[in-house]
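Below is one structure, written out as structure tokens; the observations come after it.
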Amino acid sequence: MNKWRSVFLPLVIAAAVVTGCSGGGNDAAPQSNTQGGSNATPTGSAKAEKTFTALLDNNPTFPYSKSWPIWSWLKEKTGVMLEVQTPSGKLDESLNLAIASKAMPDLMYMPNRKDSNKFGQQGALVDLMEHMDKLPNLTAWMKQYPEEAKAALSADGKMYMFPNQGFGETNRMIWMYRKDIFDKEGIQAPTTYEELHTALKALKAKYPDSYPLSIRYGQIPDEMNANMTVNYGTGEGAYYDFDNKEWRYGPTEDNYKTMVGMWKSFYDEGLIPPDFLSLQTKQWQDMVSTGKSFVTIDYISRIDFFNNAMQKENPEFNMQFMAPPAGISGGKQLNPYFHYMEGGLTVASTSQNIDDVMSYMDFFYSEEGRTLSSWGVEGETYVKEGDVIKFKPEYNDVIEMRKQTGLQTSGTYTWIDFGAHLSLFSDDLKHAYEEAAKYDPSAMQPRPAFTEKENEVISITGQAIKKHRDESFAKFVTGSRNLADWDKYVEEINNLGVDKLLNTYKEAYDRVQNIQLSGN
């Protein structure tokens, strides 16, 4: 343990210096602490105590604390204490330095699977598939969630990151609208884009200084593209057509053209801001909060974000879930499937505690581990009323609950019951979650892992195609290029290598589909 601290600590400090020079992060030195309370020898049925080192992410909203009760709860159940290191600068810099030094902690949190696959293939991380004999709960979990398990695999069929399930619900994106304004003006919530167009025009007539529909396209264009295209039965880029069992490229399809034409109408008629393509978060928030915009698309938690702030000065302000409008005749009303997590814990190949770490991590995939990670401890954080679990009254806000307990913070979960979060939300947000689930796609889009050569195609050919797509979308919508040029545009973008890109996705997808998971 001391060797790891003596080598890794200076590396993280070095990362902080680099970050400080570039203007990021705070200047505080990183902390290294051991959780779990006393080191007394266990008695009776207590677990044998072990200490593992861990590099965990640190969220500024609920910053890491060695005094969180989650650590003592985990120690009681598993006998494990974590000696935690948190980077004072950027996490990726600390990860790169630790791996380059080969002085890695036992456990490392990584923000995405692309990184864990890269480091794993370089030999820095353990392949979990080789240790399934120590992971019976994970094996059962993989059988229960085969698509999530496959999404966690690398291009060579290995698994370098512990998969997550449940917490991704926070990433849901939905349509939402000012129900109070719609009710006041006698406008029905639209169920199709044609109805949306009519509603927006009516709102524009009532509020001529407004732009009834606004989205923060400039901040998260890929997510916004996905929200628009899913309504039109196509994709924002390469996507898998489950009906025809083939990979397709959405921005060359007729339905995509129809979508572009509708957004051009919105633009021409002043129903969306003239600068909507570059609209950033602050501008968008101001438009919604000042009554300059009444319909939007964003993360589901924005319902409480707006209502909680605005109802203090305007009790009538009422942002609510809106069913996604169908874009084409007979089309489905769908929201894109964003509710999954990319980050997770990995195990260093240099660890001297690999078997014990596996046994520790396996606890999180048990029902007992899921309950502990989600709700805490009965009597301390929650009570049971029949089969219903409820947080105790003192825990009435999700953020404060996480700050006080450490529940659902980096390194404290893999599989959670999202009902724990949901129980602390407002009635409006609970309603939004219940309704949103009705508009999920029948299956989430595949997220295949790519080889190094395939990643080159994605980063070079794929980016060139995406750049032309984005530039053309902007030109078509703003009118600087006529939609009559659509066929020429399709030819241009195909010539950039669409077939090559689709073949890359197909090969990666087929490779994963042929992998037989443990437990299946």
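In the structure tokens, chains take the letters A, B, ... in the order shown, each chain's residues start at 1, and ligands count up from 1 in the order shown.
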Item to complete: Please provide as a PyMOL selection string all residues within 7 Å of range 167-169 of chain A, with the sequence filter that same-chain residues fewer than 4 positions apart are discarded (counting only C-alpha atoms).
Response: chain A and resi 339-341+416+418
Taking the backbone alone, and naming residues the way the document does, which bits of range 90-232 of chain A are strand (DSSP E or B) by DSSP, as an mmCIF file with N, CA and C atoms, in the first residue's frame?
data_model
loop_
_atom_site.group_PDB
_atom_site.id
_atom_site.type_symbol
_atom_site.label_atom_id
_atom_site.label_comp_id
_atom_site.auth_asym_id
_atom_site.auth_seq_id
_atom_site.Cartn_x
_atom_site.Cartn_y
_atom_site.Cartn_z
ATOM 1 N N LEU A 107 -8.127 -0.730 -7.984
ATOM 2 C CA LEU A 107 -9.344 -0.365 -8.709
ATOM 3 C C LEU A 107 -9.204 1.027 -9.297
ATOM 4 N N MET A 108 -9.672 1.211 -10.521
ATOM 5 C CA MET A 108 -9.657 2.526 -11.153
ATOM 6 C C MET A 108 -10.993 2.786 -11.824
ATOM 7 N N TYR A 109 -11.565 3.952 -11.560
ATOM 8 C CA TYR A 109 -12.790 4.346 -12.248
ATOM 9 C C TYR A 109 -12.418 4.982 -13.582
ATOM 10 N N MET A 110 -13.041 4.517 -14.664
ATOM 11 C CA MET A 110 -12.805 5.082 -15.987
ATOM 12 C C MET A 110 -14.110 5.627 -16.541
ATOM 13 N N LEU A 125 -5.144 -3.645 -17.754
ATOM 14 C CA LEU A 125 -6.329 -4.012 -16.994
ATOM 15 C C LEU A 125 -6.615 -5.510 -17.082
ATOM 16 N N GLN A 165 -25.755 -0.867 -14.506
ATOM 17 C CA GLN A 165 -27.151 -0.907 -14.927
ATOM 18 C C GLN A 165 -28.010 -0.197 -13.892
ATOM 19 N N MET A 173 -33.596 11.523 -22.172
ATOM 20 C CA MET A 173 -33.954 12.799 -22.773
ATOM 21 C C MET A 173 -35.399 12.731 -23.246
ATOM 22 N N ILE A 174 -36.110 13.833 -23.068
ATOM 23 C CA ILE A 174 -37.537 13.869 -23.398
ATOM 24 C C ILE A 174 -37.910 15.214 -24.016
ATOM 25 N N TRP A 175 -39.090 15.247 -24.638
ATOM 26 C CA TRP A 175 -39.736 16.493 -24.995
ATOM 27 C C TRP A 175 -40.474 16.997 -23.750
ATOM 28 N N MET A 176 -40.526 18.304 -23.573
ATOM 29 C CA MET A 176 -41.280 18.892 -22.468
ATOM 30 C C MET A 176 -41.894 20.212 -22.935
ATOM 31 N N TYR A 177 -42.944 20.619 -22.259
ATOM 32 C CA TYR A 177 -43.641 21.829 -22.701
ATOM 33 C C TYR A 177 -44.245 22.583 -21.527
ATOM 34 N N ARG A 178 -44.531 23.866 -21.765
ATOM 35 C CA ARG A 178 -45.172 24.705 -20.756
ATOM 36 C C ARG A 178 -46.669 24.422 -20.761
ATOM 37 N N THR A 192 -47.970 14.649 -33.220
ATOM 38 C CA THR A 192 -47.236 14.514 -34.484
ATOM 39 C C THR A 192 -46.505 15.818 -34.763
ATOM 40 N N LEU A 213 -40.253 27.081 -29.936
ATOM 41 C CA LEU A 213 -39.451 25.861 -29.759
ATOM 42 C C LEU A 213 -37.985 26.237 -29.717
#
Give me, as a tab-separated table, each residue of range 186-290 of chain A that comes within 12 Å of range 432-441 of chain A, together with its shortest interatomic pair and the distance in Å at one decimal, counting only C-alpha atoms, with rows ordered by chain and rising residue number.
residue	atom	partner	partner_atom	distance
A:Thr191	CA	A:Tyr439	CA	12.0
A:Asn227	CA	A:Asp440	CA	11.9
A:Val230	CA	A:Pro441	CA	9.1
A:Asn231	CA	A:Tyr439	CA	10.6
A:Gly233	CA	A:Pro441	CA	10.7
A:Asp241	CA	A:Pro441	CA	11.7
A:Phe242	CA	A:Pro441	CA	10.6
Discussion item. Here is a test: counting only C-alpha atoms, which residue of A:Val383, A:Arg370, A:Ile493, A:Gly327 is nearest to Glu471 in chain A?
Written reply: A:Ile493
Practice prompt. Choose the residue, out of A:Met159, A:Ile328, A:Ala508, A:Met319, that has the smallest atom-to-atom separation from Asp304 in chain A; count only C-alpha atoms.
Written response: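 For Asp304 in chain A, the nearest of the candidates is A:Met319.
Near Lys282 in chain A, within a cut-off of 10 Å and counting only C-alpha atoms, sit the residues A:Arg216, A:Gln219, A:Asp286, A:Met287, with same-chain residues fewer than 4 positions away left out.
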The selected residues should be written to file as a PDB file, in the first residue's frame (atoms: C-alpha atoms).
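For reference, result.pdb as written:
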ATOM      1  CA  ARG A 216     -29.560  23.790 -26.905  1.00  0.00           C
ATOM      2  CA  GLN A 219     -24.183  22.479 -26.715  1.00  0.00           C
ATOM      3  CA  ASP A 286     -32.911  32.145 -20.275  1.00  0.00           C
ATOM      4  CA  MET A 287     -35.359  31.696 -23.151  1.00  0.00           C
TER       5      MET A 287
END
Response to the item:
A straight line from CA of Leu74 in chain A to CA of Phe363 in chain A spans 9.4 Å
